[in-house]
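J.: The structure's right below; bear with me while I get my questions together.
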Amino acid sequence: MTKDMTDGSPMKLILGFSVPLLFGFLFQQFYNLVDTLIVGRFLGVDALAAVGSTGSLNFLIIGFCMGVCNGFAIPLAHKFGAGDYRGMRAFMMNAVYLAVIFSVVMTVLTVIFCRSILQLMQTPENIIDEAYSYIVIIFLGIPATYLYNLISGIIRSMGDSKTPVIFVTLASVLNIALDLILIVGADMGVAGAALATVISQLISGGGCLIYSLKKFEILHTSADERKMNGSYMMTLCGMGVPMGLQYSITAIGSVILQSAVNTLGSNAVASMTAGSKISMFFCCPFDALGSTMATYGGQNVGAKKLERVKEGLKAASVLGTIYAIAAFVILFFTGEKLATFFVETASPEVISNAHLFLIINSAFYIPLLFVNVVRFLIQGMGYSKFAIFAGVFEMVARALVGFAFVPVFGFTAACCASPVAWIFADAFLFPAFFHVFNKTKKILKVD
């Protein structure tokens with residue numbers, strides 16, 4: 001069930017690995033979309049705006065969790081590519097210990113300061129209570145987030161991108177059922193949507209853990225491999241923390257931008273929410289290619305096959321560019337209709353602004369493609385600290401737009417924030433890739 005990505009056609013390997021990942025991301029976004037759709041349809045525009053106003057804060061915290069878990073998987077991919085399975089299992093157990101510590105500390109801190117952060121973000125008074133009800137439950141579910149993402153990262157490091165999808169699919173179906181039960185049946189409002197998400201992810205992560213321990217003999221550890229190892233923990237933190245910070249630093253810019261959008265009123269927040277949810281769904285192929293390149297780069301660096309790294313970058317770029325063009329065409333002609341699924345009874349202004357957001361963002365999907373592919377490839381090669389700077393560039397761009405342009409040009413400026421951020425990040429990532437590639441050649445002493 002594992003897959004060696006150090007031999008064979010890079011195009012076929014990347015396509016074969018990323019397609020199951022794509023379905024996983026699609027299912028994750030699917031139940032996020034269902035949350036949003038049910039909230040918008042059954043609870044109204046203000047409730048939709050309340051959930052949307054927490055999006056950047058959600059990404060700030062949950063993105064850090066995901067980044068840390070992805071970073072923890074990189075040393076495992078290196079060991080797997082080198083054929084050192086004992087070392088891989090030792091790294092895995094130390095990653096588990098760190099994930100437990102991180103999840104407990106983060107849950108306590110985020111729950112304590114949650115409302116204060118929403119107030120600092122200038123969340124409108126008419127939606128702040130519902131926003132708090134939603135996001136505090138999401139934060140209470142941080143351990144479930146760590147569980148699923150860590151187990152998925154471990155499995156992907158061995159070349160298996162299919163198993164996590166099975167459990168994401170289960171979570172998606174369960175989430176839809178729980179949304180209808182808790183929001184519509186039990187009348188729990190936005191809190192029901194958050195609770196449905198946490199329960200679904202907990203079951204998905206638990207199922208993935210039980211299944212992987214039964215099916216992957218390579219993961220069965222000895223007493224010696226289960227020992228805490230300070231050196232291994234330092235290596236894991238050196239990979240995981242920078243990747244988590246990269247997500248969070250990026251999200252700081254989103255928080256600043258969201259604060260600026262909040263000053264435009266709940267209709268603007270609702271427009272941004274609907275447009276963002278649709279765009280995130282269409283961006284899943286870029287996420288899948290990025291995650292694929294982290295595993296691909298990690299295994300090939302472990303096997304000292306650097307030329308395959310460049311070949312993989314070319315293959316992923318071709319695949320992503322073709323999709324980016326197709327996505328722009330689809331959203332240009334159907335974006336307004338898609339927005340009505342979320343805010344059918346809203347004003348025409350909300351729907352029109354959501355469509356504008358989709359057109360502007362999708363026109364720059366090719367820069368977004370390279371943000372994902374190049375950044376994750378650099379991380380997979382073992383240089384996760386470099387990715388922090390890409391996050392800094394994105395943060396600066398979004399903050400600049402939020403502070404300087406949204407107050408003057410309104411919602412249109414907010415629509416341009418992400419494209420500007422992607423271009424800023426690419427300006428750093430391309431030179432960074434060639435730098436780390438040449439540095440790795442010297443370290444590994446390969447031609």
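Following the order of the structure tokens, chains are lettered A, B, ..., residues in each are numbered from 1, and ligands are numbered from 1.
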Go through stretch 252-307 of chain A and flag each residue having an atom no more than 6 Å from stretch 383-403 of chain A; for those, report the closest pair of atoms plus their distance in Å to one decimal, using only C-alpha atoms, ordered by chain and rising number, as a Markdown table.
T.:
```
| residue | atom | partner | partner_atom | distance |
| --- | --- | --- | --- | --- |
| A:Gly253 | CA | A:Met395 | CA | 4.0 |
| A:Ile256 | CA | A:Ala399 | CA | 5.7 |
| A:Leu257 | CA | A:Gly402 | CA | 4.4 |
| A:Ala260 | CA | A:Gly402 | CA | 5.5 |
```
J.: So that I have them on file, write out the residues from the current selection with C-alpha atoms, as an mmCIF file, in the first residue's frame.
T.:
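As a result, again.cif now contains:
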```cif
data_model
loop_
_atom_site.group_PDB
_atom_site.id
_atom_site.type_symbol
_atom_site.label_atom_id
_atom_site.label_comp_id
_atom_site.auth_asym_id
_atom_site.auth_seq_id
_atom_site.Cartn_x
_atom_site.Cartn_y
_atom_site.Cartn_z
ATOM 1 C CA GLY A 253 -2.345 39.054 6.736
ATOM 2 C CA ILE A 256 -5.808 42.112 8.964
ATOM 3 C CA LEU A 257 -7.675 41.936 5.669
ATOM 4 C CA ALA A 260 -10.766 45.734 7.065
#
```
J.: Applying 9 Å and only C-alpha atoms, which residues near A:Leu150 remain after dropping the ones on its own chain fewer than 5 positions away? List them as a list in words.
T.: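 Those residues are Met66, Val68, Cys69, Asn70, Phe72, Ala73, Ala95, Val96, Ala99, Thr145, Ile155 and Gly205 of chain A.
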J.: The selected residues should be written to file as an mmCIF file, in the first residue's frame (atoms: N, CA, C and O atoms).
T.:
```cif
data_model
loop_
_atom_site.group_PDB
_atom_site.id
_atom_site.type_symbol
_atom_site.label_atom_id
_atom_site.label_comp_id
_atom_site.auth_asym_id
_atom_site.auth_seq_id
_atom_site.Cartn_x
_atom_site.Cartn_y
_atom_site.Cartn_z
ATOM 1 N N MET A 66 -2.115 22.144 10.878
ATOM 2 C CA MET A 66 -1.890 21.389 9.648
ATOM 3 C C MET A 66 -0.443 21.503 9.186
ATOM 4 O O MET A 66 0.170 20.521 8.756
ATOM 5 N N VAL A 68 2.246 22.121 11.021
ATOM 6 C CA VAL A 68 3.109 21.356 11.921
ATOM 7 C C VAL A 68 3.080 19.874 11.565
ATOM 8 O O VAL A 68 4.129 19.213 11.482
ATOM 9 N N CYS A 69 1.889 19.335 11.346
ATOM 10 C CA CYS A 69 1.760 17.904 11.013
ATOM 11 C C CYS A 69 2.422 17.585 9.679
ATOM 12 O O CYS A 69 3.080 16.541 9.535
ATOM 13 N N ASN A 70 2.263 18.464 8.700
ATOM 14 C CA ASN A 70 2.928 18.256 7.411
ATOM 15 C C ASN A 70 4.442 18.283 7.570
ATOM 16 O O ASN A 70 5.173 17.505 6.944
ATOM 17 N N PHE A 72 6.127 17.529 10.342
ATOM 18 C CA PHE A 72 6.539 16.314 11.046
ATOM 19 C C PHE A 72 6.703 15.135 10.091
ATOM 20 O O PHE A 72 7.496 14.226 10.347
ATOM 21 N N ALA A 73 5.956 15.143 8.993
ATOM 22 C CA ALA A 73 6.002 14.019 8.052
ATOM 23 C C ALA A 73 7.241 14.039 7.154
ATOM 24 O O ALA A 73 7.588 13.011 6.566
ATOM 25 N N ALA A 95 6.976 12.293 16.877
ATOM 26 C CA ALA A 95 5.996 13.228 16.316
ATOM 27 C C ALA A 95 4.667 13.124 17.069
ATOM 28 O O ALA A 95 3.998 14.136 17.312
ATOM 29 N N VAL A 96 4.282 11.924 17.437
ATOM 30 C CA VAL A 96 3.053 11.723 18.212
ATOM 31 C C VAL A 96 3.149 12.437 19.562
ATOM 32 O O VAL A 96 2.214 13.138 19.983
ATOM 33 N N ALA A 99 2.828 16.149 19.042
ATOM 34 C CA ALA A 99 1.477 16.538 18.641
ATOM 35 C C ALA A 99 0.542 16.612 19.844
ATOM 36 O O ALA A 99 -0.310 17.509 19.927
ATOM 37 N N THR A 145 -8.097 17.813 15.135
ATOM 38 C CA THR A 145 -7.377 18.298 13.952
ATOM 39 C C THR A 145 -5.975 17.714 13.904
ATOM 40 O O THR A 145 -5.510 17.264 12.845
ATOM 41 N N ILE A 155 0.991 8.563 6.799
ATOM 42 C CA ILE A 155 0.641 7.625 5.729
ATOM 43 C C ILE A 155 1.117 8.144 4.373
ATOM 44 O O ILE A 155 1.666 7.397 3.563
ATOM 45 N N GLY A 205 -10.282 10.907 12.013
ATOM 46 C CA GLY A 205 -8.921 10.691 12.503
ATOM 47 C C GLY A 205 -8.774 9.403 13.282
ATOM 48 O O GLY A 205 -7.802 8.657 13.110
#
```
J.: Counting only C-alpha atoms, what is within 7 Å of stretch 225-235 of chain A, bar same-chain residues fewer than 6 positions away, as a list in words?
T.: Arg89, Ala90, Phe91, Met93 and Asn94 of chain A
J.: Nearest residue to A:Ile199 out of A:Met158, A:Ser152, A:His220, A:Pro143, using only C-alpha atoms?
T.: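 Ranked by minimum distance to A:Ile199, first place goes to A:Pro143.
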J.: Counting only C-alpha atoms, what is within 12 Å of A:Gly312, bar same-chain residues fewer than 3 positions away, as a ChimeraX atom specification?
T.: /A:5-15,289-290,292-300,305-309,315-319,373-374,377
J.: Using DSSP assignments from the backbone, pull out every residue in stretch 60-275 of chain A that falls under alpha helix (DSSP H) and give it to me as a PyMOL selection string.
T.: chain A and resi 60-82+85-120+128-140+142-157+163-179+190-215+230-262+266-275
J.: Rank A:Ser347, A:Ser172, A:Thr163, A:Asn438 by their smallest atom-to-atom distance to A:Lys215, using only C-alpha atoms, and report the top residue only.
T.: A:Thr163
